[in-house]
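Undergrad: protein_37.tsv (TSV, C-alpha atoms) pasted underneath:
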```tsv
chain	number	residue	atom	x	y	z
A	216	MET	CA	-5.94	-15.77	62.67
A	217	GLU	CA	-7.60	-14.62	59.49
A	218	HIS	CA	-5.93	-12.40	57.00
A	219	GLN	CA	-7.22	-8.91	56.66
A	220	PHE	CA	-8.58	-8.10	53.22
A	221	THR	CA	-6.06	-5.32	52.81
A	222	ALA	CA	-3.11	-7.41	53.82
A	223	PHE	CA	-0.37	-7.93	51.27
A	224	LEU	CA	-0.92	-11.54	50.35
A	225	TYR	CA	1.13	-13.84	48.12
A	226	HIS	CA	4.43	-12.00	48.42
A	227	GLU	CA	6.27	-14.69	46.60
A	228	GLN	CA	4.03	-14.43	43.53
A	229	VAL	CA	5.04	-10.84	42.83
A	230	LEU	CA	8.41	-12.02	41.61
A	231	TRP	CA	6.75	-14.31	39.10
A	232	ILE	CA	4.43	-11.63	37.87
A	233	ALA	CA	7.34	-9.23	37.47
A	234	ALA	CA	9.32	-11.86	35.60
A	235	PHE	CA	6.44	-12.57	33.25
A	236	THR	CA	5.88	-8.87	32.67
A	237	LEU	CA	9.53	-8.37	31.85
A	238	GLY	CA	9.50	-11.39	29.59
A	239	GLY	CA	6.45	-10.10	27.77
A	240	LEU	CA	7.99	-6.69	27.32
A	241	THR	CA	11.17	-8.27	26.00
A	242	PHE	CA	9.27	-10.30	23.47
A	243	ALA	CA	7.19	-7.29	22.44
A	244	LEU	CA	9.92	-4.67	22.23
A	245	GLY	CA	12.87	-6.96	21.49
A	246	PRO	CA	12.13	-7.48	17.79
A	247	ILE	CA	11.74	-3.74	17.28
A	248	ALA	CA	15.08	-3.09	18.97
A	249	ILE	CA	16.82	-5.87	17.03
A	250	VAL	CA	15.44	-4.60	13.73
A	251	TYR	CA	16.56	-1.09	14.60
A	252	LEU	CA	20.09	-2.34	15.24
A	253	PHE	CA	20.30	-4.26	11.98
A	254	MET	CA	18.41	-2.00	9.59
A	255	PRO	CA	20.06	0.42	7.19
A	256	LEU	CA	19.57	3.87	8.64
A	257	LYS	CA	18.91	5.72	5.39
A	258	THR	CA	17.93	4.93	1.85
A	259	ARG	CA	19.59	6.07	-1.35
A	260	GLN	CA	18.00	9.17	-2.82
A	261	ILE	CA	17.67	10.70	-6.24
A	262	ASN	CA	15.54	13.71	-5.51
A	263	ASN	CA	15.00	13.37	-1.76
A	264	LYS	CA	11.36	12.43	-1.74
A	265	ALA	CA	11.54	9.44	0.58
A	266	LEU	CA	9.24	11.16	3.04
A	267	GLN	CA	6.57	12.12	0.55
A	268	PHE	CA	3.32	10.69	1.87
A	269	ILE	CA	1.75	9.80	-1.45
A	270	GLU	CA	3.12	6.52	-2.74
A	271	CYS	CA	2.15	6.72	-6.41
A	272	GLY	CA	5.22	8.72	-7.39
A	273	MET	CA	3.34	11.82	-8.46
A	274	ASP	CA	3.56	15.03	-6.51
A	275	PRO	CA	0.37	15.64	-4.57
A	276	ILE	CA	-1.62	18.66	-5.71
A	277	GLY	CA	-2.43	20.99	-2.85
A	278	ASP	CA	-2.92	20.17	0.77
A	279	SER	CA	-5.29	17.64	2.28
A	280	TRP	CA	-6.32	20.23	4.88
A	281	ILE	CA	-8.96	21.95	2.79
A	282	ARG	CA	-12.24	23.69	3.54
A	283	TYR	CA	-15.35	22.31	1.96
A	284	GLY	CA	-18.99	23.29	1.96
A	285	VAL	CA	-20.80	22.43	5.19
A	286	VAL	CA	-24.00	22.08	3.15
A	287	PHE	CA	-23.41	18.37	2.96
A	288	TYR	CA	-23.99	17.65	6.63
A	289	LEU	CA	-27.59	18.80	6.27
A	290	TYR	CA	-28.03	16.32	3.46
A	291	ALA	CA	-26.62	13.57	5.64
A	292	LEU	CA	-29.20	14.39	8.30
A	293	ILE	CA	-32.05	14.51	5.80
A	294	PHE	CA	-30.88	11.20	4.39
A	295	LEU	CA	-31.49	9.75	7.85
A	296	ALA	CA	-35.09	10.94	7.79
A	297	PHE	CA	-35.78	9.30	4.41
A	298	ASP	CA	-33.79	6.26	5.41
A	299	VAL	CA	-35.86	5.59	8.52
A	300	ASP	CA	-39.04	6.07	6.46
A	301	VAL	CA	-37.96	3.43	3.97
A	302	LEU	CA	-36.58	1.14	6.65
A	303	PHE	CA	-39.85	0.96	8.55
A	304	LEU	CA	-42.03	0.87	5.44
A	305	PHE	CA	-40.45	-2.33	4.16
A	306	PRO	CA	-41.98	-4.62	6.83
A	307	VAL	CA	-45.28	-2.79	6.43
A	308	ALA	CA	-45.22	-3.29	2.68
A	309	VAL	CA	-44.39	-6.96	3.09
A	310	ALA	CA	-47.12	-7.63	5.65
A	311	TYR	CA	-49.84	-5.30	4.42
A	312	ASN	CA	-51.39	-7.61	1.86
A	313	ASP	CA	-51.88	-10.25	4.50
A	314	ALA	CA	-55.51	-11.04	5.22
A	315	LEU	CA	-54.99	-10.09	8.81
A	316	PHE	CA	-54.44	-6.41	7.97
A	317	ALA	CA	-56.21	-5.94	4.68
A	318	SER	CA	-59.68	-5.21	5.97
A	319	SER	CA	-58.71	-3.18	8.99
A	320	LEU	CA	-59.08	0.59	8.82
A	321	ARG	CA	-57.28	0.96	12.14
A	322	ASP	CA	-54.01	-0.36	10.76
A	323	PHE	CA	-54.18	2.01	7.84
A	324	VAL	CA	-54.69	4.94	10.18
A	325	GLU	CA	-51.77	3.78	12.29
A	326	ILE	CA	-49.48	3.71	9.25
A	327	VAL	CA	-50.64	7.15	8.17
A	328	LEU	CA	-49.95	8.49	11.65
A	329	PHE	CA	-46.53	6.88	11.71
A	330	ILE	CA	-45.48	8.21	8.32
A	331	GLY	CA	-47.00	11.56	9.14
A	332	ILE	CA	-44.84	11.92	12.23
A	333	LEU	CA	-41.73	10.79	10.36
A	334	SER	CA	-42.53	13.16	7.52
A	335	LEU	CA	-42.55	16.09	9.92
A	336	ALA	CA	-38.74	15.96	9.86
A	337	ILE	CA	-38.78	16.37	6.10
A	338	VAL	CA	-41.41	19.10	6.24
A	339	TYR	CA	-39.33	20.89	8.84
A	340	ALA	CA	-36.24	20.68	6.66
A	341	TRP	CA	-38.24	21.83	3.67
A	342	ILE	CA	-39.46	24.91	5.51
A	343	LYS	CA	-35.92	25.60	6.71
A	344	GLY	CA	-34.80	25.59	3.08
A	345	VAL	CA	-32.46	22.62	3.21
A	346	PHE	CA	-33.52	21.40	-0.22
A	347	LYS	CA	-32.30	24.57	-1.86
A	348	TRP	CA	-28.65	24.09	-2.74
A	349	GLU	CA	-27.07	27.26	-1.51
A	350	ARG	CA	-23.64	27.92	-0.27
A	351	LYS	CA	-23.91	28.68	3.41
A	352	THR	CA	-21.39	31.37	4.06
A	353	PHE	CA	-20.18	32.28	7.45
A	354	LEU	CA	-18.65	35.66	8.00
A	355	ARG	CA	-16.17	35.82	10.80
A	356	ARG	CA	-16.67	39.13	12.53
B	116	MET	CA	21.63	9.57	-8.96
B	117	GLY	CA	21.06	7.20	-6.15
B	118	THR	CA	24.60	5.92	-5.84
B	119	GLN	CA	25.66	7.80	-2.76
B	120	ASN	CA	27.05	5.89	0.18
B	121	ILE	CA	24.52	5.50	2.92
B	122	PRO	CA	25.39	4.82	6.55
B	123	SER	CA	25.08	1.14	7.25
B	124	SER	CA	23.34	-0.40	10.21
B	125	VAL	CA	24.34	0.21	13.82
B	126	VAL	CA	25.40	-3.37	14.36
B	127	GLN	CA	27.58	-5.13	11.81
B	128	PHE	CA	27.36	-8.88	12.03
B	129	ALA	CA	28.75	-10.70	9.02
B	130	LEU	CA	27.16	-14.06	9.66
B	131	ALA	CA	23.74	-12.49	10.17
B	132	ASP	CA	24.24	-10.42	7.03
B	133	LYS	CA	24.97	-13.59	5.09
B	134	LEU	CA	21.84	-15.25	6.41
B	135	ILE	CA	19.68	-12.17	5.88
B	136	ASN	CA	21.00	-11.82	2.33
B	137	ILE	CA	20.01	-15.40	1.57
B	138	GLY	CA	16.56	-14.53	2.83
B	139	ARG	CA	16.47	-11.39	0.71
B	140	ALA	CA	17.63	-13.23	-2.40
B	141	ASN	CA	14.88	-15.79	-1.97
B	142	SER	CA	12.10	-13.34	-1.32
B	143	PHE	CA	12.29	-10.33	-3.57
B	144	TRP	CA	9.27	-8.07	-3.29
B	145	PRO	CA	9.05	-6.24	-6.60
B	146	LEU	CA	7.07	-3.06	-6.97
B	147	THR	CA	3.81	-3.39	-8.89
B	148	PHE	CA	4.87	-0.89	-11.46
B	149	GLY	CA	4.45	-1.43	-15.17
B	150	ILE	CA	5.18	1.50	-17.42
B	151	ALA	CA	4.70	-0.06	-20.85
B	152	CYS	CA	4.17	-3.33	-22.69
B	153	CYS	CA	6.99	-5.15	-20.87
B	154	ALA	CA	4.67	-5.03	-17.88
B	155	ILE	CA	2.44	-7.53	-19.68
B	156	GLU	CA	5.34	-9.96	-19.74
B	157	MET	CA	5.94	-9.16	-16.07
B	158	MET	CA	2.33	-10.06	-15.31
B	159	ALA	CA	2.67	-13.26	-17.30
B	160	THR	CA	5.76	-14.07	-15.28
B	161	GLY	CA	3.82	-13.60	-12.09
B	162	CYS	CA	0.96	-15.81	-13.23
B	163	ALA	CA	0.57	-19.55	-13.07
B	164	ARG	CA	2.29	-20.62	-16.27
B	165	PHE	CA	5.71	-19.16	-15.55
B	166	ASP	CA	5.10	-18.87	-11.83
B	167	MET	CA	7.57	-16.38	-10.44
B	168	SER	CA	6.72	-17.61	-6.96
B	169	ARG	CA	8.95	-20.62	-7.58
B	170	PHE	CA	11.77	-18.14	-7.01
B	171	GLY	CA	10.06	-16.32	-4.17
B	172	ALA	CA	9.62	-13.09	-6.10
B	173	GLU	CA	5.87	-13.13	-6.66
B	174	VAL	CA	4.86	-10.74	-3.89
B	175	PHE	CA	4.28	-7.65	-6.01
B	176	ARG	CA	3.80	-4.80	-3.58
B	177	PRO	CA	1.59	-1.85	-4.52
B	178	SER	CA	3.53	0.43	-2.19
B	179	ALA	CA	7.10	1.48	-2.78
B	180	ARG	CA	7.73	1.40	0.94
B	181	GLN	CA	7.19	-2.34	1.06
B	182	SER	CA	9.19	-3.39	-1.96
B	183	ASP	CA	12.88	-3.91	-2.60
B	184	VAL	CA	13.10	-4.50	-6.35
B	185	LEU	CA	12.10	-1.85	-8.86
B	186	ILE	CA	11.45	-3.56	-12.20
B	187	VAL	CA	11.50	-0.76	-14.75
B	188	ALA	CA	9.20	-2.54	-17.17
B	189	GLY	CA	9.07	-0.54	-20.33
B	190	THR	CA	9.53	2.79	-22.02
B	191	ILE	CA	10.44	5.62	-19.68
B	192	THR	CA	8.84	8.80	-20.86
B	193	LYS	CA	10.21	12.10	-19.66
B	194	LYS	CA	6.85	12.71	-18.01
B	195	MET	CA	7.14	9.50	-16.01
B	196	MET	CA	10.76	9.91	-15.00
B	197	PRO	CA	10.12	12.11	-11.90
B	198	GLY	CA	7.57	9.56	-10.70
B	199	ILE	CA	10.05	6.71	-11.04
B	200	LYS	CA	12.64	8.76	-9.19
B	201	THR	CA	10.20	9.38	-6.35
B	202	LEU	CA	9.26	5.71	-6.16
B	203	TYR	CA	12.92	4.77	-6.05
B	204	ASP	CA	13.43	7.29	-3.25
B	205	GLN	CA	10.58	5.83	-1.27
B	206	MET	CA	11.83	2.27	-1.42
B	207	PRO	CA	13.66	1.29	1.75
B	208	GLU	CA	17.20	0.01	1.67
B	209	PRO	CA	18.34	-2.50	0.43
B	210	LYS	CA	16.92	-1.93	-3.01
B	211	TRP	CA	17.75	-3.08	-6.50
B	212	VAL	CA	16.72	-2.03	-9.97
B	213	ILE	CA	16.04	-4.31	-12.93
B	214	ALA	CA	15.82	-2.70	-16.37
B	215	LEU	CA	13.37	-4.91	-18.27
B	216	GLY	CA	13.36	-4.66	-22.03
B	217	ASN	CA	15.18	-2.65	-24.66
B	218	CYS	CA	13.42	0.61	-23.85
B	219	ALA	CA	14.53	0.51	-20.25
B	220	ILE	CA	18.06	-0.42	-21.32
B	221	SER	CA	18.73	2.11	-24.05
B	222	GLY	CA	15.48	3.61	-25.30
B	223	GLY	CA	15.03	0.71	-27.72
B	224	PRO	CA	13.13	1.65	-30.89
B	225	PHE	CA	12.70	5.19	-29.59
B	226	ALA	CA	16.39	6.01	-29.81
B	227	PHE	CA	16.47	8.06	-33.00
B	228	ASP	CA	17.42	11.58	-33.92
B	229	GLY	CA	14.81	14.12	-33.06
B	230	GLN	CA	12.81	12.18	-30.52
B	231	TYR	CA	11.92	14.40	-27.63
B	232	SER	CA	9.82	12.42	-25.19
B	233	ILE	CA	11.70	9.27	-24.16
B	234	VAL	CA	14.48	8.82	-21.65
B	235	LEU	CA	17.14	6.65	-23.30
B	236	GLY	CA	17.49	4.00	-20.65
B	237	ALA	CA	16.94	3.63	-16.94
B	238	HIS	CA	20.67	3.97	-16.28
B	239	GLU	CA	20.35	7.66	-17.10
B	240	PHE	CA	18.94	8.28	-13.64
B	241	LEU	CA	18.84	4.96	-11.75
B	242	PRO	CA	21.60	2.64	-10.52
B	243	VAL	CA	20.56	-0.41	-12.55
B	244	ASP	CA	21.70	-3.79	-11.29
B	245	VAL	CA	20.38	-6.19	-13.93
B	246	TYR	CA	19.62	-5.52	-17.58
B	247	ILE	CA	17.21	-7.88	-19.34
B	248	PRO	CA	17.23	-7.43	-23.13
B	249	GLY	CA	14.31	-8.23	-25.38
B	250	CYS	CA	11.43	-6.41	-26.99
B	251	PRO	CA	9.68	-7.49	-24.88
B	252	PRO	CA	11.74	-10.13	-23.07
B	253	ARG	CA	10.17	-13.53	-22.63
B	254	PRO	CA	9.02	-14.35	-19.10
B	255	GLU	CA	11.87	-16.85	-18.91
B	256	ALA	CA	14.26	-13.96	-19.48
B	257	LEU	CA	12.76	-12.08	-16.53
B	258	LEU	CA	13.11	-15.20	-14.40
B	259	GLN	CA	16.74	-15.45	-15.49
B	260	GLY	CA	17.20	-11.81	-14.57
B	261	ILE	CA	15.79	-12.43	-11.13
B	262	ILE	CA	18.16	-15.36	-10.66
B	263	GLU	CA	21.04	-13.14	-11.73
B	264	LEU	CA	19.91	-10.60	-9.15
B	265	GLU	CA	19.85	-13.37	-6.55
B	266	HIS	CA	23.50	-14.04	-7.40
B	267	LEU	CA	24.23	-10.34	-6.99
B	268	VAL	CA	22.56	-10.16	-3.61
B	269	SER	CA	23.92	-13.28	-2.04
B	270	ASP	CA	26.74	-15.77	-2.55
B	271	TRP	CA	24.14	-18.46	-2.23
B	272	LYS	CA	23.43	-20.15	-5.55
B	273	ARG	CA	20.09	-21.55	-6.50
B	274	TRP	CA	21.78	-24.15	-8.68
B	275	LYS	CA	25.31	-25.45	-8.73
B	276	ASN	CA	27.34	-24.50	-11.74
B	277	PRO	CA	27.49	-27.75	-13.75
B	278	GLU	CA	30.68	-26.71	-15.58
B	279	ALA	CA	32.60	-26.09	-12.39
B	280	ALA	CA	31.80	-29.54	-11.03
```
Rewrite the coordinates I just gave you, this time as structure tokens.
TA:
Amino acid sequence: MEHQFTAFLYHEQVLWIAAFTLGGLTFALGPIAIVYLFMPLKTRQINNKALQFIECGMDPIGDSWIRYGVVFYLYALIFLAFDVDVLFLFPVAVAYNDALFASSLRDFVEIVLFIGILSLAIVYAWIKGVFKWERKTFLRR
Amino acid sequence: MGTQNIPSSVVQFALADKLINIGRANSFWPLTFGIACCAIEMMATGCARFDMSRFGAEVFRPSARQSDVLIVAGTITKKMMPGIKTLYDQMPEPKWVIALGNCAISGGPFAFDGQYSIVLGAHEFLPVDVYIPGCPPRPEALLQGIIELEHLVSDWKRWKNPEAA
């Protein structure tokens, strides 16, 4: 008689798997537990700054949770537009002097089309006024 | 000033403590912390010619939380003192302090009437374990200081005392 697919096969292996899992857990968590048992629980203090995050000794100035101008994210996006331009123009610049392309007007038109489409992103940003450095304020109402 | 009794570990096990202390004595991790010109000698000690790693103490840690020896290498200005205190606080137990050079011992050449900017010795605010005199001390003196600290930490001796034999 054939076993059903859903039947609980290999009963005897479960014990082994459990043993290996337990062994693995012991080896993983054991050192942490042993170190916890043997470690000194506190450290001597002079002005109670053991928990200060900064490790250079100086008191940190202000909080790291600060607000900063969102203007920068626009620049990151615009950088992408220029970046892709340059990225795709490098192979063109390398190959363009080749005799295969030099005499062809069609290739030139293709490049102009390509750069034209890519430049639309920049033109769009320009019209939207991204290149003017202004503080974008947001009034919570 | 850092001399209070701290609760010891949950489990006390003398033999393990002995073994662990031998390990600690042979692998000091000093803090990368040079305040003044004695730090140059400390660097020289760490480099190839004097080779601090012969004594296991070459692992200069840039973070106070990873180190166990604070080598106060140089003049302690009153501006720097809070920083040193904080670094000492952040070092985990067990921790030791070496005062390297005359400035860290007593203020050195800055101990005169009317000076207003220098702390006269690391012992003013730190529990110093080993004092190493010199202005600045030779690298050999720092090595000797580290060996003295090894003797403080553990009963294990790097060399047998030839006079006792």
Undergrad: Quick one: everything within 12 Å of Phe240 (chain B), counting all atoms listed in the file, minus sequence neighbours fewer than 2 positions away in the same chain. Send it as a list of chain:residue names.
TA: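 That gives A:Gln260, A:Ile261, A:Asn262, B:Met116, B:Gly117, B:Thr118, B:Val187, B:Ile191, B:Lys193, B:Met196, B:Pro197, B:Gly198, B:Ile199, B:Lys200, B:Thr201, B:Tyr203, B:Asp204, B:Val212, B:Ala214, B:Ala219, B:Ile220, B:Val234, B:Leu235, B:Gly236, B:Ala237, B:His238, B:Pro242, B:Val243.
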Undergrad: Find, counting only C-alpha atoms, the residue in B:Gly138, B:Pro207, B:Pro251, B:Gly171 that gets nearest to chain A.
TA: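 Between B:Gly138, B:Pro207, B:Pro251, B:Gly171, the residue approaching chain A most closely is B:Pro207.
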Undergrad: How close does region 158-258 of chain B get to region 237-258 of chain A? List, as JSON lines, each residue of region 158-258 of chain B within 12 Å, its nearest atom pair and the distance in Å to one decimal, counting only C-alpha atoms.
TA:
```
{"residue": "B:Arg180", "atom": "CA", "partner": "A:Thr258", "partner_atom": "CA", "distance": 10.8}
{"residue": "B:Asp183", "atom": "CA", "partner": "A:Thr258", "partner_atom": "CA", "distance": 11.1}
{"residue": "B:Leu202", "atom": "CA", "partner": "A:Thr258", "partner_atom": "CA", "distance": 11.8}
{"residue": "B:Tyr203", "atom": "CA", "partner": "A:Thr258", "partner_atom": "CA", "distance": 9.4}
{"residue": "B:Asp204", "atom": "CA", "partner": "A:Thr258", "partner_atom": "CA", "distance": 7.2}
{"residue": "B:Gln205", "atom": "CA", "partner": "A:Thr258", "partner_atom": "CA", "distance": 8.0}
{"residue": "B:Met206", "atom": "CA", "partner": "A:Thr258", "partner_atom": "CA", "distance": 7.4}
{"residue": "B:Pro207", "atom": "CA", "partner": "A:Thr258", "partner_atom": "CA", "distance": 5.6}
{"residue": "B:Glu208", "atom": "CA", "partner": "A:Thr258", "partner_atom": "CA", "distance": 5.0}
{"residue": "B:Pro209", "atom": "CA", "partner": "A:Pro255", "partner_atom": "CA", "distance": 7.6}
{"residue": "B:Lys210", "atom": "CA", "partner": "A:Thr258", "partner_atom": "CA", "distance": 8.5}
{"residue": "B:Trp211", "atom": "CA", "partner": "A:Thr258", "partner_atom": "CA", "distance": 11.6}
```
Undergrad: Which is closer to Ile150 (chain B) than all the others in B:Leu185, B:Ala129, B:Met195, B:Ala172, using all atoms listed in the file?
TA: B:Met195
Undergrad: So how far away is CA of Phe143 (chain B) from CA of Pro252 (chain B), in Å?
TA: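 Between these atoms lies a distance of 19.5 Å.
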Undergrad: Out of B:Lys272, B:Arg169, B:His266, B:Arg176, which residue has the shortest atom-to-atom distance to chain A when counting only C-alpha atoms?
TA: B:Arg176
Undergrad: For a quick check of understanding, using only C-alpha atoms, which of A:Asp274, A:Arg321, A:Gln228, A:Phe329 has the smallest distance to Leu304 (chain A)?
TA: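 Looking at the shortest contact to Leu304 (chain A), the residue is A:Phe329.
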Undergrad: Work out how far apart CA of Pro224 (chain B) and CA of Ala188 (chain B) are and give it in Å to one decimal.
TA: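 Straight-line distance from CA of Pro224 (chain B) to CA of Ala188 (chain B) works out to 14.9 Å.
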Undergrad: Using all atoms listed in the file for the distances, tell me which of A:Ala265, A:Ile276, A:Leu320, A:Val299 is nearest to chain B.
TA: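 Checking each of A:Ala265, A:Ile276, A:Leu320, A:Val299 against chain B, counting all atoms listed in the file, the winner is A:Ala265.
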Undergrad: What does the structure give for the distance between CA of Phe268 (chain A) and CA of Leu215 (chain B), in Å to one decimal?
TA: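 These atoms are spaced 27.4 Å apart.
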Undergrad: Rebuild N, CA and C atoms on region 315-338 of chain A, as a compact mmCIF listing (two decimals), in the frame of the given file?
TA:
```
# COMPACT_ATOMS: atom_id res chain seq x y z
N LEU A 315 -54.81 -10.58 7.45
CA LEU A 315 -54.99 -10.09 8.81
C LEU A 315 -55.15 -8.57 8.86
N PHE A 316 -54.44 -7.87 7.92
CA PHE A 316 -54.44 -6.41 7.97
C PHE A 316 -55.34 -5.78 6.92
N ALA A 317 -55.64 -6.55 5.88
CA ALA A 317 -56.21 -5.94 4.68
C ALA A 317 -57.52 -5.21 4.96
N SER A 318 -58.34 -5.77 5.81
CA SER A 318 -59.68 -5.21 5.97
C SER A 318 -59.77 -4.21 7.11
N SER A 319 -58.64 -3.99 7.77
CA SER A 319 -58.71 -3.18 8.99
C SER A 319 -58.39 -1.72 8.68
N LEU A 320 -59.31 -0.84 9.02
CA LEU A 320 -59.08 0.59 8.82
C LEU A 320 -58.10 1.13 9.86
N ARG A 321 -58.10 0.49 11.03
CA ARG A 321 -57.28 0.96 12.14
C ARG A 321 -55.78 0.88 11.79
N ASP A 322 -55.41 -0.21 11.14
CA ASP A 322 -54.01 -0.36 10.76
C ASP A 322 -53.59 0.71 9.77
N PHE A 323 -54.48 0.98 8.82
CA PHE A 323 -54.18 2.01 7.84
C PHE A 323 -53.96 3.35 8.52
N VAL A 324 -54.82 3.67 9.47
CA VAL A 324 -54.69 4.94 10.18
C VAL A 324 -53.39 4.98 10.96
N GLU A 325 -53.03 3.84 11.54
CA GLU A 325 -51.77 3.78 12.29
C GLU A 325 -50.57 4.08 11.38
N ILE A 326 -50.59 3.48 10.19
CA ILE A 326 -49.48 3.71 9.25
C ILE A 326 -49.43 5.18 8.85
N VAL A 327 -50.60 5.75 8.58
CA VAL A 327 -50.64 7.15 8.17
C VAL A 327 -50.10 8.04 9.28
N LEU A 328 -50.47 7.72 10.51
CA LEU A 328 -49.95 8.49 11.65
C LEU A 328 -48.43 8.38 11.73
N PHE A 329 -47.97 7.14 11.59
CA PHE A 329 -46.53 6.88 11.71
C PHE A 329 -45.75 7.65 10.65
N ILE A 330 -46.19 7.52 9.39
CA ILE A 330 -45.48 8.21 8.32
C ILE A 330 -45.64 9.71 8.47
N GLY A 331 -46.79 10.13 8.93
CA GLY A 331 -47.00 11.56 9.14
C GLY A 331 -46.00 12.13 10.12
N ILE A 332 -45.79 11.43 11.23
CA ILE A 332 -44.84 11.92 12.23
C ILE A 332 -43.43 11.92 11.67
N LEU A 333 -43.08 10.84 10.94
CA LEU A 333 -41.73 10.79 10.36
C LEU A 333 -41.56 11.89 9.32
N SER A 334 -42.63 12.17 8.58
CA SER A 334 -42.53 13.16 7.52
C SER A 334 -42.35 14.57 8.08
N LEU A 335 -42.70 14.76 9.34
CA LEU A 335 -42.55 16.09 9.92
C LEU A 335 -41.10 16.56 9.83
N ALA A 336 -40.16 15.59 9.97
CA ALA A 336 -38.74 15.96 9.86
C ALA A 336 -38.45 16.54 8.48
N ILE A 337 -39.02 15.89 7.47
CA ILE A 337 -38.78 16.37 6.10
C ILE A 337 -39.46 17.71 5.88
N VAL A 338 -40.69 17.83 6.39
CA VAL A 338 -41.41 19.10 6.24
C VAL A 338 -40.64 20.23 6.92
```
